[in-house]
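Accompanying notes for the structure given below.
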Amino acid sequence: MIISQTPLRMSFVGGGTDFEDFYQRYPGRVLSTTINKYYYIVLNPRFDGLIEVRYSKIETVTSPDQIEHPLVREALKEAGIEKGIDIVSLSDLPARKTGTGLGSSSSFTVGLLNGLYAFLGKYIPPEILAEKTCQIEIEKVKSPIGKQDQYAAAFGGLNQITFNCNGKIEVEPIYLTPKLKEDFQNHLLLFFTGIERLANPILAEQKQNIDKKFEFLKKMSDMVPIFRSALENGDFKKMGELLSQGWLLKKELASAISNPKIDEMYNLALEAGAWGGKILGAGGGGFLLVMASPEKHSKIKEVLNKYQLIPFRFSESGSKIVFKN
Amino acid sequence: MEEYIKNFFQELKNKIDEVSWKEIARAIKILRSTYENGGRIYLIGNGGSAAVASHFANDLNKTILGHKGDKKAKRFQAMALCDNIPVLTAWANDVGFEAVFSEQLKNFAQDKDTLVAISSSGRSPNIIKAVKSAKILHLSVIGLIGFDGGELLPLSDAKIHVPSFSYAIVESAHDAICHLITTYFEESIKDES
């Protein structure tokens, strides 16, 4: 039996600049961290030669082609596994059919692929794991997504990810002192909006709008080094303001990124003293990240008390085989 | 005499200044990942480097928990493979000294574990053999190395290289770097609420 553990990620600035249509023309940049919420993929050989996949539903089939779940089907084909395997997925923050804004679909695919190779006794380094996951999600399954999530999940930690015009993707770790890392985490609050949305229609519109919104995306990419230097200087107020600036730009990219409920939550947080915030991921629902001085946290929690607060910490590790027997 | 003493410290300072801070930060990231994943950290070295390995294992296991060891946090799982004399001499006597670390590794190693290989020359055959085994077992490798880096440097994921040909300088610098990493974790690992 194999169990792989793959972190979810929280993206602060630059999301949307990781689409190839954009970064072919101007370098894309994202600053993100993985958090201690994970996808677990359990794999076990099956004596009867069937393939069984358990997620929100159960599929039992005789060959990979018959699998409905497109990511599982393509991952099995990529790894070259044709029969005799049980695949079970579990998550700390279940995405159901709708996604979370925490990069769940890529975390799932990275973890699945990592596990499938371990099942075959092979080890795949993070850069190859990320690249193969991009091929599966973007080229094979045609998900209208960028490339930040695959790299975040495979590498782990707090990184600046740069998408160069020539297609080369660089993951540069941002190393923080113990105090700065602790302070950074202690300024953040994560709330579940309670809205489960389909990310792909929003992302598809966003992808179509890349030409029209090119100047917005350039600004979002250029915010990354500014956010990074604010972080390295411990200027959390500025970071909060940049999060909000990024969020306001992002709202311009597609029509359904925000909605009245999200705007209300966001405004309540700001009125209660937050420096800034944003919806994580594609938008439309999922999780709201708020940045505020720790002394404002109790007030913010009070005004947002109908929404679930999700405690979290940053994590360093990328996708890993945590059990093998 | 004063000059003799000052020269030694000057040389040590110069060489410590030449160590890449990014490689040390990378080593911290690897150790932190291993800790989060509940993996083990194996440490190996010969002679003075064996002493560095044992010392660092002690610091990871105990020192970061505070002087009284009463910090209520998940603990590191570090083991210096030079510490068990019966096992070490069994492999050395029956198979050969090259096998003493690689064979011990095979008893425990899992993908989520890390090997810390300490070798001033970067060429000790038992260290290189263990590092090659670690790669086959999918472990991450942190190299604490001296001299010209030897064979160990290119095999390491984090390459902590003290570019001196003096054992005294290299081992002293290695000890200081291990204490730096210990201090980092002592400060960053908090009581769990």
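Ligands are numbered from 1 in the order shown, residues from 1 within each chain, and chains are lettered A, B, ... in the order they appear in the structure tokens.
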
What are the residues of chain B lining chain A at 12 Å or less? Count only C-alpha atoms, and put the answer as a PyMOL selection string. chain B and resi 21-40+109-113+135-140+157+180-190+192-193

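Once Lys132 (chain A) and its same-chain neighbours fewer than 2 positions away are set aside, A:Ala75, A:Glu78, A:Ala79, A:Thr109, A:Val110, A:Leu113, A:Ile124, A:Pro126, A:Glu127, A:Ile128, A:Leu129, A:Ala130, A:Cys134, A:Gln135, A:Ile136, A:Glu137, A:Ile138, A:Glu139, A:Gln150 remain within 10 Å of it when counting only C-alpha atoms.
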
For the residues in that selection, give me C-alpha atoms as a short mmCIF file (atom, residue, chain, number, x, y, z; two decimals), in the first residue's frame.
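The resulting file, result30.cif, is reproduced below:
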```
data_model
loop_
_atom_site.label_atom_id
_atom_site.label_comp_id
_atom_site.auth_asym_id
_atom_site.auth_seq_id
_atom_site.Cartn_x
_atom_site.Cartn_y
_atom_site.Cartn_z
CA ALA A 75 -2.96 9.95 -14.56
CA GLU A 78 0.44 8.62 -17.91
CA ALA A 79 1.86 6.20 -15.34
CA THR A 109 -3.37 15.22 -9.36
CA VAL A 110 0.20 15.79 -8.09
CA LEU A 113 0.71 10.84 -9.91
CA ILE A 124 9.74 11.42 -9.65
CA PRO A 126 9.18 17.68 -8.00
CA GLU A 127 9.91 19.55 -11.23
CA ILE A 128 8.94 16.53 -13.35
CA LEU A 129 5.93 15.80 -11.15
CA ALA A 130 4.71 19.40 -11.63
CA CYS A 134 0.36 20.38 -16.03
CA GLN A 135 0.30 18.12 -19.09
CA ILE A 136 -2.53 16.05 -17.62
CA GLU A 137 -4.64 18.94 -16.38
CA ILE A 138 -4.08 21.48 -19.15
CA GLU A 139 -3.26 19.47 -22.29
CA GLN A 150 1.01 22.12 -9.79
#
```

In region 28-157 of chain A, DSSP strand (DSSP E) residues written as a PyMOL selection string: chain A and resi 28-45+51-54+58-61+85-91

With only C-alpha atoms as the counted atoms, please give the residues lying no more than 9 Å from region 192-204 of chain A, apart from itself and same-chain residues fewer than 2 positions off, as a ChimeraX atom specification. /A:16,95-101,143-145,190,206-209,254-257,261-262,265,279,281-289,307-310

Which residues are near Ser124 (chain B)? Cut-off 12 Å, only C-alpha atoms, ignore same chain within fewer than 3 positions. Put them as a PyMOL selection string. chain B and resi 44-47+49+97-101+117-121+127-131+145-146+149-152

Print the selection's residues with C-alpha atoms to a file, as an mmCIF file, in the first residue's frame.
```
data_model
loop_
_atom_site.group_PDB
_atom_site.id
_atom_site.type_symbol
_atom_site.label_atom_id
_atom_site.label_comp_id
_atom_site.auth_asym_id
_atom_site.auth_seq_id
_atom_site.Cartn_x
_atom_site.Cartn_y
_atom_site.Cartn_z
ATOM 1 C CA ILE B 44 26.536 9.859 9.627
ATOM 2 C CA GLY B 45 30.227 10.771 9.894
ATOM 3 C CA ASN B 46 33.657 9.319 10.747
ATOM 4 C CA GLY B 47 35.990 10.454 13.543
ATOM 5 C CA SER B 49 32.451 14.163 11.971
ATOM 6 C CA PHE B 97 33.772 -0.821 6.854
ATOM 7 C CA GLU B 98 32.233 0.656 3.703
ATOM 8 C CA ALA B 99 28.898 -0.962 4.607
ATOM 9 C CA VAL B 100 28.504 0.334 8.173
ATOM 10 C CA PHE B 101 26.123 3.192 7.362
ATOM 11 C CA ALA B 117 26.095 13.123 5.635
ATOM 12 C CA ILE B 118 29.105 14.765 7.286
ATOM 13 C CA SER B 119 32.515 14.359 5.670
ATOM 14 C CA SER B 120 35.363 16.879 5.583
ATOM 15 C CA SER B 121 36.960 15.350 2.503
ATOM 16 C CA ILE B 127 29.681 7.959 3.556
ATOM 17 C CA ILE B 128 29.466 7.923 -0.250
ATOM 18 C CA LYS B 129 28.021 4.401 -0.214
ATOM 19 C CA ALA B 130 25.370 5.437 2.309
ATOM 20 C CA VAL B 131 24.462 8.530 0.275
ATOM 21 C CA ILE B 145 31.342 18.981 3.465
ATOM 22 C CA GLY B 146 34.851 20.508 3.446
ATOM 23 C CA GLY B 149 33.610 19.109 -1.896
ATOM 24 C CA GLY B 150 34.704 15.661 -3.094
ATOM 25 C CA GLU B 151 32.117 13.198 -4.346
ATOM 26 C CA LEU B 152 29.598 14.163 -1.673
#
```

Extract, using only C-alpha atoms, all DNA, RNA and protein residues at most 10 Å from His69 (chain A), discarding same-chain residues fewer than 6 positions from it, and format them as a PDB file with C-alpha atoms, in the first residue's frame.
```pdb
ATOM      1  CA  VAL A  53     -11.679   4.733  -7.765  1.00  0.00           C
ATOM      2  CA  TYR A  55     -13.960   9.929  -4.395  1.00  0.00           C
ATOM      3  CA  LYS A  57     -18.544   8.465  -5.999  1.00  0.00           C
ATOM      4  CA  GLU A  59     -16.195   3.767 -10.019  1.00  0.00           C
ATOM      5  CA  VAL A 141      -8.130  17.211 -19.616  1.00  0.00           C
TER       6      VAL A 141
END
```

Neighbouring residues of Glu302 (chain A) were defined as those with any atom within 12 Å, considering only C-alpha atoms; residues of the same chain fewer than 3 positions away were excluded. Please report them as a VMD selection string. chain A and resid 265 268 to 269 271 to 273 296 to 299 305 to 309

Keeping only C-alpha atoms, write those residues as a compact mmCIF listing (two decimals), in the first residue's frame.
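And here is the file that came out, result.txt:
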```txt
# COMPACT_ATOMS: atom_id res chain seq x y z
CA MET A 265 -17.72 39.67 3.91
CA LEU A 268 -17.08 43.73 7.02
CA ALA A 269 -13.48 42.59 7.52
CA GLU A 271 -14.57 47.90 8.47
CA ALA A 272 -13.43 45.84 11.47
CA GLY A 273 -9.87 47.03 10.87
CA LYS A 296 -7.92 43.42 15.35
CA HIS A 297 -8.46 39.67 14.98
CA SER A 298 -11.08 39.26 17.71
CA LYS A 299 -13.16 42.11 16.22
CA ASN A 305 -18.91 34.95 13.11
CA LYS A 306 -21.43 33.30 10.80
CA TYR A 307 -18.57 32.07 8.65
CA GLN A 308 -16.34 29.18 9.64
CA LEU A 309 -12.81 30.17 10.69
```
